[in-house]
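Quick notes on the structure that follows.
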Amino acid sequence: MKISRRSFIALATTLSAASLIKIPWKPSEKQASSRTEGKIPIMCNMCGAGCGVYLVNRNGKMYVEPNLEHPQPGLCARSAAALQLWNHPLRLKKPLKRMGERGEGKLQEIDWETALNEISSKLKEIISKYGPESVVFTYHDFYAWHMPLIAFTLGTPNHVQHASCCHNASTYARTLVLGAGGPPTVDPDYERARYVIFVGRVLNAAMGMVQRLNKAREAGVKLVYVDPRMGNAAMADGEWVPIIPGTDAAFLLAMINVILSEKLYDESFIKKYTNATFLIKPDGTPLTEKDLGREGTDYLVYDIDAKDFVSYRKAKNPALEWEGDASGIRVKTAFLLLKDRAALYKPEDAEKICGVPAETIKRIAREFANAKGVIEDGWWSSKNANDSDAFRAALTLNALVGSVETPGGLYVKLGSKFPASATAATDKVTTITGGTLPPITAKRIDTQKYPAVPHVFDAVLDAILEGKPYPVKALFIVGTEPFTRDVNTEKLKKALKALDLVVVIDVVPNDSVDWADYVLPDNIFLEREELAEVKWTPHAAIQLSHKALDPPQGVDARNGFWAMMEIVRRTVPERAKAIGYTEEYADYHRFEEFEDYVKKKILESLSKAWNVPSGDIEKALNEKGFYIFKLWVPKPGPGTLPTKSGLIEIYSLKALDYGDDPLPKWKTPKYTLPSKPDEFYLVNGRDQYVSAHAAWTWSVSSLVDRRVWMNPKDAGRLGIKDGDIVELEGLDNGFKARARVKVTNRVREGVLFVYNRVGGRFSKLISGQYQVLREGINPNMFTLSWLEPLNGSTGLNSTVRVRRVGA
């Protein structure tokens with residue numbers, strides 16, 4: 001299905017008309033003298049991708065356009081509508097203080113001085129009684145770089161982001177297989193790709209990826225989307241493979257089975273760049289020199305030419321398939337163990353699990369191997385609390401066909417060497433400002449329970465409700481919305497009620513505002529400057545988002561960085577002074593001096609790291625908005641990776657350290673599976689419109705679909721027609737909500753789909769035309785705390801019972 005020319009023109013007109021806003025144009029002195037006068041380089045923060053765009057002034061009106069020279073250019077519906085947040089009718093205008101019970105949304109405007117002093121006074125009491133670790137900051141990407149500086153200066157280790165509900169599953173997989181970290185560290189080389197498989201994933205953000213993928217489209221790339229619903233991208237081109245939710249790992253392991261049994265793998269690549277040749281003992285650990293009474297601790301392989309056990313670093317011809325006796329120890333190559341595991345997932349067996357025909361699995365596996373394809377490594381994708389093994393299987397498949405650090409395969413991003421805002425070591429805390437603080441002795445709450453990957457917010461809720469490992473009494477919610485972000489919203493409500501202090505810093509009245517003691521109005525990204533790494537590019541690059549606007553008249557919004565630093569200073573003045581933040585910055589007009597100093601220290605660090613004059617970097621940032629330190633160039637394979645072996649570990653040694661299985665496997669989801677005719681999987685996802693704040697813009701709120709998608713066969717069986725109202729009841733928590741139905745072939749039988757973060761909002765501050773945000777459902781309301789061990793990846797999908805209640 002393709003969008004018609006008429007529909008495309010209508011959409012473009014809607015977005016353009018909504019984005020052309022008459023705003024006083026106040027370019028900075030830097031911009032006034034640069035070659036980009038009339039265009040201000042901006043890093044879009046309508047989602048976490050941070051694409052490079054321009055704010056353009058033309059004939060007295062402003063709009064956003066892509067910065068096409070940028071290493072990550074972007075323009076989607078969200079960035080096109082960004083200006084609508086500037087003068088949004090529901091924008092938070094002044095600090096607010098709770099006047100009723102938490103959850104009632106009864107708030108009264110107060111001045112900034114009163115708000116900051118009262119928050120700091122309460123924090124002093126909490127810290128005096130429970131220690132600074134009882135304070136937690138949760139946030140999205142907007143202040144991610146600043147947050148360690150803020151939290152560590154206050155004295156708490158607890159700055160806990162949203163990652164467990166976003167990318168912890170894939171991050172855990174990258175850690176185990178590649179020694180890599182979060183999503184930007186690894187990504188497909190889209191522009192050279194020949195065959196790309198997306199598992200539970202659409203390119204919903206970082207439009208620079210889409211730009212690169214378009215080059216591959218011109219060269220005839222094949223795209224395959226494995227997903228219970230057909231996303232917008234799958235409508236345009238490629239093949240949609242409708243799969244049963246929570247069975248991705250079985251599908252991918254069946255692909256591995258085909259590639260191994262039919263010898264479609266790249267043997268030379270596997271031998272050179274992976275640990276598939278490692279010899280594994282019966283206890284699951286690798287054979288080492290020490291096991292054979294030799295000096296050294298290197299892992300051993302069997303060298304066919306030497307006919308002996310040799311260090312993997314020195315072997316000339318390591319055996320890929322070898323099993324036998326090593327000085328009385330029975331050993332087997334990791335490759336053979338992978339074959340044994342994959343043998344459990346023959347395509348015919350996997351079909352019974354995932355609902356994809358065995359012949360389809362075989363065909364896709366053969367096409368993928370013959371094309372040396374690439375499987376996208378995961379970001380915000382399927383959420384079934386069993387996804388880590390799926391992404392481990394995906395990375396293993398990439399390695400088997402030689403698609404890691406090769407043209408058209410996965411690349412490992414070149415780091416920009418961007419310094420941290422603060423680093424906590426065992427002996428002290430050091431900050432970007434040059435200041436030092438005593439060490440933080442308390443351990444992070446989330447990593448005590450989920451040691452493999454940080455940022456598991458559900459662990460914070462447990463600490464609030466149980467007081468373990470220590471009490472949590474204060475929570476700052478900064479530029480994020482836990483009610484549309486996290487699982488188990490009833491647990492979240494109980495936790496918010498139990499806290500002594502809840503502070504929300506935001507632009508619009510997201511649902512958490514109703515539960516806050518204090519609400520502080522934040523700047524939108526167009527109203528502040530931010531220096532950051534360019535995320536979704538293989539190159540080592542940084543960017544500067546310029547301050548382009550002041551808040552509109554009547555909106556006393558202030559930089560959230562300033563608000564948090566002021567709270568810290570008023571609470572622990574000596575600690576703030578130690579890092580160079582003093583009372584003079586209480587004057588908001590002087591805060592830019594502190595920001596400029598921080599930026600100067602960042603540029604000095606980068607200048608030293610890359611041996612580039614800081615003036616050259618700053619000049620490029622002011623004129624173009626970005627600076628590239630080094631270009632990534634495709635290689636024949638990876639160099640030394642930060643895994644235990646330095647190789648791609650298809651048999652993960654890090655997993656052994658965690659007590660986890662060193663090979664991927666499929667596990668059933670933790671939520672109840674549907675078993676009756678009126679029971680369905682409820683899955684959710686995104687596309688190019690959706691993010692927590694973009695949903696508030698009128699363009700996006702008007703365009704996005706808040707209906708629940710249902711397959712025509714299911715609708716016919718239940719007597720449901722397009723547009724009918726149905727009631728959904730969670731099988732695991734009994735939560736009920738109503739929504740209209742969209743009957744469509746774009747969702748698999750037995751599955752319902754809804755967009756995440758766009759519907760079911762409940763804040764009492766929502767009014768007027770934005771009541772539309774209350775329509776539809778919030779899928780997170782149907783979930784419980786289904787989390788993977790070790791990494792805390794959550795289940796945002798669930799199961800529901802459906803009942804028609806009206807037309």
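Scheme for the structure tokens: letters A, B, ... for chains in order shown; per-chain residue numbers from 1; ligand numbers from 1 in order shown.
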Could you give me the residues within segment 179-366 of chain A that DSSP places in alpha helix (DSSP H), as a PyMOL selection string? chain A and resi 207-218+232-236+248-261+267-273+334-342+347-354+358-366
Which residues, written as a list in words, have at least one atom at most 7 Å from Ser416 of chain A, with only C-alpha atoms counted and residues fewer than 2 positions away on the same chain left out? Leu414, Phe418, Glu533, Ala540, Ala541 and Ile542 of chain A
As JSON, numbers by chain, list the residues of segment 534-725 of chain A assigned to strand (DSSP E or B) by DSSP on the backbone atoms of this structure. {"A": [540, 541, 542, 543, 544, 545, 558, 626, 627, 628, 629, 630, 648, 679, 680, 681, 682, 683, 684, 685, 708, 709, 710, 725]}
Cut-off 10 Å: closest segment 382-454 of chain A/segment 162-171 of chain A atom pairs per residue, using only C-alpha atoms, as JSON lines:
```
{"residue": "A:Ser382", "atom": "CA", "partner": "A:Cys166", "partner_atom": "CA", "distance": 9.3}
{"residue": "A:Lys383", "atom": "CA", "partner": "A:Cys165", "partner_atom": "CA", "distance": 7.8}
{"residue": "A:Asn384", "atom": "CA", "partner": "A:Ala169", "partner_atom": "CA", "distance": 9.9}
{"residue": "A:Ala385", "atom": "CA", "partner": "A:Ala169", "partner_atom": "CA", "distance": 8.2}
{"residue": "A:Asn386", "atom": "CA", "partner": "A:Ala169", "partner_atom": "CA", "distance": 8.0}
{"residue": "A:Asp387", "atom": "CA", "partner": "A:Ala169", "partner_atom": "CA", "distance": 5.7}
{"residue": "A:Ser388", "atom": "CA", "partner": "A:Ala169", "partner_atom": "CA", "distance": 4.3}
{"residue": "A:Asp389", "atom": "CA", "partner": "A:Ala169", "partner_atom": "CA", "distance": 8.0}
{"residue": "A:Ala390", "atom": "CA", "partner": "A:Ser170", "partner_atom": "CA", "distance": 8.4}
{"residue": "A:Phe391", "atom": "CA", "partner": "A:Ser170", "partner_atom": "CA", "distance": 5.6}
{"residue": "A:Arg392", "atom": "CA", "partner": "A:Ser170", "partner_atom": "CA", "distance": 7.7}
{"residue": "A:Ala394", "atom": "CA", "partner": "A:Ser170", "partner_atom": "CA", "distance": 9.7}
{"residue": "A:Leu395", "atom": "CA", "partner": "A:Ser170", "partner_atom": "CA", "distance": 9.6}
{"residue": "A:Ala452", "atom": "CA", "partner": "A:Asn168", "partner_atom": "CA", "distance": 9.3}
{"residue": "A:Val453", "atom": "CA", "partner": "A:Asn168", "partner_atom": "CA", "distance": 6.5}
{"residue": "A:Pro454", "atom": "CA", "partner": "A:Ala163", "partner_atom": "CA", "distance": 7.7}
```
Please identify all polymer residues within 6 Å of segment 190-202 of chain A, counting only C-alpha atoms, omitting same-chain residues fewer than 4 positions from it, and present them as a ChimeraX atom specification. /A:212-213,215-216,221-227,373-376,381-382,408
So what do you get for atom CA of Tyr273 of chain A versus atom CA of Leu178 of chain A, distance-wise? 10.9 Å
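Using only C-alpha atoms, the nearest neighbour of Ala342 of chain A within the list A:Arg803, A:Arg746, A:Lys665, A:Lys314 is A:Lys665.
Summary of the local environment: counting only C-alpha atoms, residues at most 9 Å from Trp698 of chain A, other than itself and those fewer than 6 positions away along its chain, are Ala18, Ala81, Gln84, His88, Gln769 and Tyr770 of chain A.
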Can those selected residues be exported to a file as a PDB file, in the first residue's frame so that it contains N, CA and C atoms?
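Once everything was written out, this is out-v9.pdb:
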```
ATOM      1  N   ALA A  18       1.140  24.063  10.341  1.00  0.00           N
ATOM      2  CA  ALA A  18       1.232  24.046  11.800  1.00  0.00           C
ATOM      3  C   ALA A  18       2.590  24.493  12.279  1.00  0.00           C
ATOM      4  N   ALA A  81       6.877  19.666  13.914  1.00  0.00           N
ATOM      5  CA  ALA A  81       5.869  20.254  14.792  1.00  0.00           C
ATOM      6  C   ALA A  81       6.464  20.845  16.067  1.00  0.00           C
ATOM      7  N   GLN A  84       5.386  24.066  17.829  1.00  0.00           N
ATOM      8  CA  GLN A  84       4.074  24.118  18.465  1.00  0.00           C
ATOM      9  C   GLN A  84       4.161  23.984  19.983  1.00  0.00           C
ATOM     10  N   HIS A  88       2.486  26.534  23.141  1.00  0.00           N
ATOM     11  CA  HIS A  88       1.405  25.580  23.373  1.00  0.00           C
ATOM     12  C   HIS A  88       0.425  26.144  24.408  1.00  0.00           C
ATOM     13  N   GLN A 769      -9.065  21.511  23.128  1.00  0.00           N
ATOM     14  CA  GLN A 769      -8.930  20.574  22.014  1.00  0.00           C
ATOM     15  C   GLN A 769      -8.004  19.419  22.340  1.00  0.00           C
ATOM     16  N   TYR A 770      -7.182  19.588  23.378  1.00  0.00           N
ATOM     17  CA  TYR A 770      -6.236  18.530  23.734  1.00  0.00           C
ATOM     18  C   TYR A 770      -6.872  17.424  24.575  1.00  0.00           C
TER      19      TYR A 770
END
```
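Restricting the calculation to only C-alpha atoms, the smallest distance between Gly615 of chain A and any of A:Arg804, A:Lys577, A:Lys630, A:Lys600 is found for A:Lys600.
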